[in-house]
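Novice: File name data25.cif; file contents mmCIF, C-alpha atoms and all ligand atoms; full text below.
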data_input
loop_
_atom_site.label_atom_id
_atom_site.label_comp_id
_atom_site.auth_asym_id
_atom_site.auth_seq_id
_atom_site.Cartn_x
_atom_site.Cartn_y
_atom_site.Cartn_z
CA MET A 1143 105.18 155.23 122.41
CA THR A 1144 101.50 154.53 122.81
CA TYR A 1145 100.40 151.66 125.01
CA LYS A 1146 96.94 150.26 125.44
CA VAL A 1147 96.33 149.13 129.00
CA ASN A 1148 93.12 147.61 130.35
CA ILE A 1149 92.45 149.46 133.58
CA ASN A 1150 89.33 148.60 135.59
CA GLY A 1151 87.74 147.03 132.52
CA GLU A 1152 88.37 149.96 130.22
CA VAL A 1153 91.15 150.08 127.61
CA ARG A 1154 93.12 153.29 128.14
CA GLU A 1155 95.73 154.72 125.78
CA LEU A 1156 98.95 155.91 127.34
CA ASP A 1157 101.45 157.89 125.26
CA VAL A 1158 104.36 157.54 127.67
CA PRO A 1159 107.94 156.22 127.78
CA GLU A 1160 108.06 152.46 128.19
CA ASP A 1161 109.85 152.75 131.52
CA MET A 1162 107.31 155.10 133.09
CA PRO A 1163 106.03 153.41 136.27
CA LEU A 1164 102.36 152.51 136.14
CA LEU A 1165 101.84 154.62 139.26
CA TRP A 1166 102.98 157.75 137.39
CA ALA A 1167 100.70 156.90 134.48
CA LEU A 1168 97.71 156.35 136.76
CA ARG A 1169 98.16 159.52 138.77
CA ASN A 1170 99.64 161.97 136.27
CA GLU A 1171 98.31 160.81 132.91
CA LEU A 1172 94.90 159.43 133.89
CA ASN A 1173 94.22 161.47 137.03
CA MET A 1174 93.43 158.29 138.97
CA VAL A 1175 94.82 159.44 142.28
CA GLY A 1176 93.41 156.72 144.55
CA THR A 1177 96.65 154.78 144.19
CA LYS A 1178 99.21 156.45 146.44
CA PHE A 1179 102.89 157.26 146.14
CA GLY A 1180 104.84 156.31 149.23
CA CYS A 1181 108.45 155.27 148.80
CA GLY A 1182 108.71 154.83 145.05
CA LYS A 1183 111.02 151.87 145.64
CA ALA A 1184 108.68 148.90 146.09
CA LEU A 1185 109.17 149.01 149.85
CA CYS A 1186 105.94 150.31 151.39
CA GLY A 1187 102.99 148.94 149.41
CA ALA A 1188 101.08 152.25 149.23
CA CYS A 1189 100.93 151.98 145.43
CA THR A 1190 99.54 148.42 145.28
CA VAL A 1191 97.28 147.52 142.36
CA HIS A 1192 96.28 144.17 140.86
CA VAL A 1193 97.61 142.89 137.57
CA ASP A 1194 95.56 139.87 136.55
CA GLY A 1195 94.46 139.56 140.15
CA VAL A 1196 97.95 139.58 141.64
CA ALA A 1197 99.00 142.41 143.94
CA GLN A 1198 101.78 144.44 142.32
CA ARG A 1199 103.62 147.60 143.26
CA SER A 1200 102.78 150.10 140.59
CA CYS A 1201 105.71 152.37 141.47
CA SER A 1202 108.06 149.72 140.15
CA LEU A 1203 106.04 148.35 137.26
CA PRO A 1204 106.95 149.93 133.91
CA VAL A 1205 103.99 150.60 131.64
CA GLY A 1206 105.90 148.92 128.80
CA SER A 1207 106.04 145.65 130.74
CA ILE A 1208 102.26 145.29 131.06
CA GLY A 1209 100.93 142.83 128.52
CA ALA A 1210 98.20 143.92 126.14
CA ASP A 1211 95.93 141.18 127.49
CA SER A 1212 96.62 141.95 131.13
CA LYS A 1213 93.97 143.45 133.36
CA VAL A 1214 94.95 146.15 135.82
CA THR A 1215 92.63 146.82 138.75
CA THR A 1216 93.00 149.85 140.99
CA ILE A 1217 91.38 150.99 144.21
CA GLU A 1218 88.81 152.90 142.16
CA ALA A 1219 87.28 149.54 141.16
CA LEU A 1220 87.50 147.79 144.53
CA GLU A 1221 83.79 148.22 145.19
CA LYS A 1222 82.92 146.28 142.03
CA THR A 1223 83.73 142.98 143.73
CA GLU A 1224 82.06 141.19 146.66
CA ILE A 1225 85.42 140.90 148.39
CA GLY A 1226 86.10 144.57 147.89
CA ARG A 1227 82.73 145.64 149.28
CA ALA A 1228 83.07 143.26 152.23
CA LEU A 1229 86.51 144.65 153.03
CA GLN A 1230 85.32 148.24 152.81
CA GLN A 1231 82.48 147.41 155.21
CA ALA A 1232 84.80 145.62 157.62
CA TRP A 1233 87.25 148.54 157.45
CA LEU A 1234 84.48 150.85 158.60
CA GLU A 1235 83.18 148.47 161.28
CA GLU A 1236 86.66 147.97 162.72
CA ASP A 1237 87.42 151.69 162.40
CA VAL A 1238 90.73 150.75 160.78
CA MET A 1239 91.98 154.03 159.41
CA GLN A 1240 93.95 156.81 160.97
CA CYS A 1241 95.50 159.18 158.40
CA GLY A 1242 94.40 156.85 155.61
CA TYR A 1243 97.44 157.28 153.43
CA CYS A 1244 98.42 153.61 153.26
CA GLN A 1245 94.89 152.29 153.11
CA ALA A 1246 94.35 151.99 149.37
CA GLY A 1247 97.42 149.77 149.19
CA GLN A 1248 96.33 147.80 152.25
CA LEU A 1249 92.88 147.14 150.77
CA MET A 1250 94.27 146.11 147.39
CA ASN A 1251 96.72 143.72 148.99
CA ALA A 1252 94.04 142.32 151.32
CA SER A 1253 91.60 141.78 148.45
CA ALA A 1254 94.22 139.90 146.44
CA LEU A 1255 94.90 137.74 149.51
CA LEU A 1256 91.23 136.88 150.03
CA ALA A 1257 90.71 136.17 146.34
CA ARG A 1258 93.39 133.49 146.40
CA ASN A 1259 92.77 132.32 149.98
CA PRO A 1260 89.25 133.07 151.29
CA LYS A 1261 90.02 131.69 154.77
CA PRO A 1262 93.52 132.82 155.68
CA SER A 1263 94.85 132.05 159.15
CA ALA A 1264 96.13 134.88 161.33
CA SER A 1265 99.69 134.03 160.39
CA GLN A 1266 98.79 133.88 156.70
CA ILE A 1267 97.22 137.34 156.99
CA ASP A 1268 100.31 138.67 158.75
CA SER A 1269 102.60 137.13 156.20
CA ALA A 1270 100.61 138.41 153.21
CA MET A 1271 100.28 141.93 154.62
CA ALA A 1272 103.82 142.22 156.00
CA GLY A 1273 105.08 144.35 153.13
CA ASN A 1274 102.42 147.03 153.50
CA ILE A 1275 103.75 149.69 155.82
CA CYS A 1276 101.40 151.84 157.93
CA ARG A 1277 103.08 154.81 159.58
CA CYS A 1278 100.06 155.10 161.89
CA ALA A 1279 100.54 151.46 162.95
CA CYS A 1280 96.98 150.29 162.31
CA TYR A 1281 98.22 146.75 161.85
CA THR A 1282 96.05 145.08 164.49
CA ARG A 1283 92.84 146.59 163.14
CA ILE A 1284 93.84 145.79 159.55
CA ARG A 1285 94.33 142.15 160.54
CA ASP A 1286 91.03 142.12 162.46
CA ALA A 1287 89.10 143.54 159.50
CA ILE A 1288 90.52 140.94 157.12
CA ALA A 1289 89.70 138.21 159.65
CA VAL A 1290 86.11 139.47 159.89
CA VAL A 1291 85.65 139.07 156.14
CA ALA A 1292 87.27 135.64 156.21
CA GLU A 1293 85.06 134.50 159.10
CA LYS A 1294 81.87 135.71 157.46
CA GLY A 1295 82.80 133.81 154.34
CA THR A 1296 82.06 136.83 152.19
CA ALA A 1297 85.26 136.22 150.31
CA ASN A 1298 83.82 132.94 149.04
CA VAL A 1299 81.15 134.71 147.00
S1 LIG B 1301 105.25 153.63 146.58
FE1 LIG B 1301 105.32 151.69 145.68
S2 LIG B 1301 105.93 150.37 147.27
FE2 LIG B 1301 106.09 152.35 148.15
S1 LIG B 1302 96.59 154.88 158.31
FE1 LIG B 1302 98.17 156.36 158.28
S2 LIG B 1302 99.75 155.38 157.17
FE2 LIG B 1302 98.32 153.83 157.50
#
Taking this structure as input, can you express it in the form of C-alpha cells?

Specialist:
Amino acid sequence: MTYKVNINGEVRELDVPEDMPLLWALRNELNMVGTKFGCGKALCGACTVHVDGVAQRSCSLPVGSIGADSKVTTIEALEKTEIGRALQQAWLEEDVMQCGYCQAGQLMNASALLARNPKPSASQIDSAMAGNICRCACYTRIRDAIAVVAEKGTANV
C-alpha cells in the first residue's frame, strides 16, 4: 500500500506494508540514515524522531499508523530550529559525544523536551532523558549540554 508521510516538511510516498516500522522506511526506503537502529524494541531511544513535536521511537511506529496530517521530523532537520541549533552548539561546547551512535536519538529527545519545557530542572532533564541509553555513558555531559541551552534561554526563541 502507498502511504503519504510528511517528513521534514516534504510529503514522501512510501509503498510499504502498513506494519513496516517508520525506522525501516526512513533508512531503507528513503536512505535517511541519520536515525539509528539500536534495539528495535523501543528500549534504547536511538531511533527517536518527532511526530507532531512529540518524541517517538520509530522502530516501533508502523508507517500505517501515522496520520496523513501528521508531521514527522528527523535528525536531518534538527538544524532548522533554534532549539536544534542551540543543542548542536552546546553538544560541541560540552564535547558530549564518544562513539556517537546514540546521539541522534539523544538530540531528538532533548529537543522535544526543550520545546515543551524551555527551562527544565536537572531532575526533569534526567527524567525526560532516562529512556535514551548511551553505551558510552555520556549521561553527565548530555545533561550539562541540555542545561546550558536551558540557562541561555535559547529554547525560548
Ligand atoms: S531502536 Fe528504537 S528504541 Fe532502540
Ligand atoms: S556516545 Fe556512544 S552510545 Fe552514546

Novice: Just give me the gap between atom CA of Glu1171 of chain A and atom CA of Lys1146 of chain A in Å, one decimal is fine.

Specialist: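 Atom-to-atom, atom CA of Glu1171 of chain A to atom CA of Lys1146 of chain A, that is 13.0 Å.
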
Novice: Neighbouring residues of ligand LIG 1301 (chain B) are defined here as those with any atom at most 7 Å from a ligand atom, counting all atoms listed in the file; list them as a PDB file with C-alpha atoms, keeping the file's coordinate frame.

Specialist:
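Okay, selection28.pdb is ready:
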ATOM      1  CA  LYS A1178      99.210 156.450 146.440  1.00  0.00           C
ATOM      2  CA  PHE A1179     102.890 157.260 146.140  1.00  0.00           C
ATOM      3  CA  GLY A1180     104.840 156.310 149.230  1.00  0.00           C
ATOM      4  CA  CYS A1181     108.450 155.270 148.800  1.00  0.00           C
ATOM      5  CA  GLY A1182     108.710 154.830 145.050  1.00  0.00           C
ATOM      6  CA  LYS A1183     111.020 151.870 145.640  1.00  0.00           C
ATOM      7  CA  ALA A1184     108.680 148.900 146.090  1.00  0.00           C
ATOM      8  CA  LEU A1185     109.170 149.010 149.850  1.00  0.00           C
ATOM      9  CA  CYS A1186     105.940 150.310 151.390  1.00  0.00           C
ATOM     10  CA  GLY A1187     102.990 148.940 149.410  1.00  0.00           C
ATOM     11  CA  ALA A1188     101.080 152.250 149.230  1.00  0.00           C
ATOM     12  CA  CYS A1189     100.930 151.980 145.430  1.00  0.00           C
ATOM     13  CA  THR A1190      99.540 148.420 145.280  1.00  0.00           C
ATOM     14  CA  ARG A1199     103.620 147.600 143.260  1.00  0.00           C
ATOM     15  CA  SER A1200     102.780 150.100 140.590  1.00  0.00           C
ATOM     16  CA  CYS A1201     105.710 152.370 141.470  1.00  0.00           C
ATOM     17  CA  SER A1202     108.060 149.720 140.150  1.00  0.00           C
TER      18      SER A1202
END

Novice: Could you state the separation of atom CA of Ala1232 of chain A and atom CA of Val1290 of chain A in Å, given to one decimal place?

Specialist: 6.7 Å

Novice: Pull the neighbourhood of (97.0, 157.6, 153.0) for me: all residues within 12 Å in file coordinates, counting all atoms listed in the file, as a list in words.

Specialist: Val1175, Gly1176, Thr1177, Lys1178, Phe1179, Gly1180, Cys1186, Gly1187, Ala1188, Cys1189, Met1239, Gln1240, Cys1241, Gly1242, Tyr1243, Cys1244, Gln1245, Ala1246, Gly1247, Gln1248, Leu1249, Asn1274, Ile1275, Cys1276, Arg1277, Cys1278 and Cys1280 of chain A

Novice: Taking into account all atoms listed in the file, which residue in the set A:Arg1283, A:Arg1258, A:Arg1227, A:Arg1169 is nearest to ligand LIG 1302 (chain B)?

Specialist: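 The answer is A:Arg1283, which sits nearest to ligand LIG 1302 (chain B).
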
Novice: If I take atom CA of Pro1262 of chain A and atom CA of Thr1216 of chain A, how far is one from the other in Å, to one decimal?

Specialist: 22.5 Å

Novice: Around all of ligand LIG 1302 (chain B)'s listed atoms, make the axis-aligned box with 5 Å on each side and tell me centre and edge lengths in Å to one decimal, as lines of an AutoDock Vina configuration file.

Specialist:
center_x = 98.2
center_y = 155.1
center_z = 157.7
size_x = 13.2
size_y = 12.5
size_z = 11.1
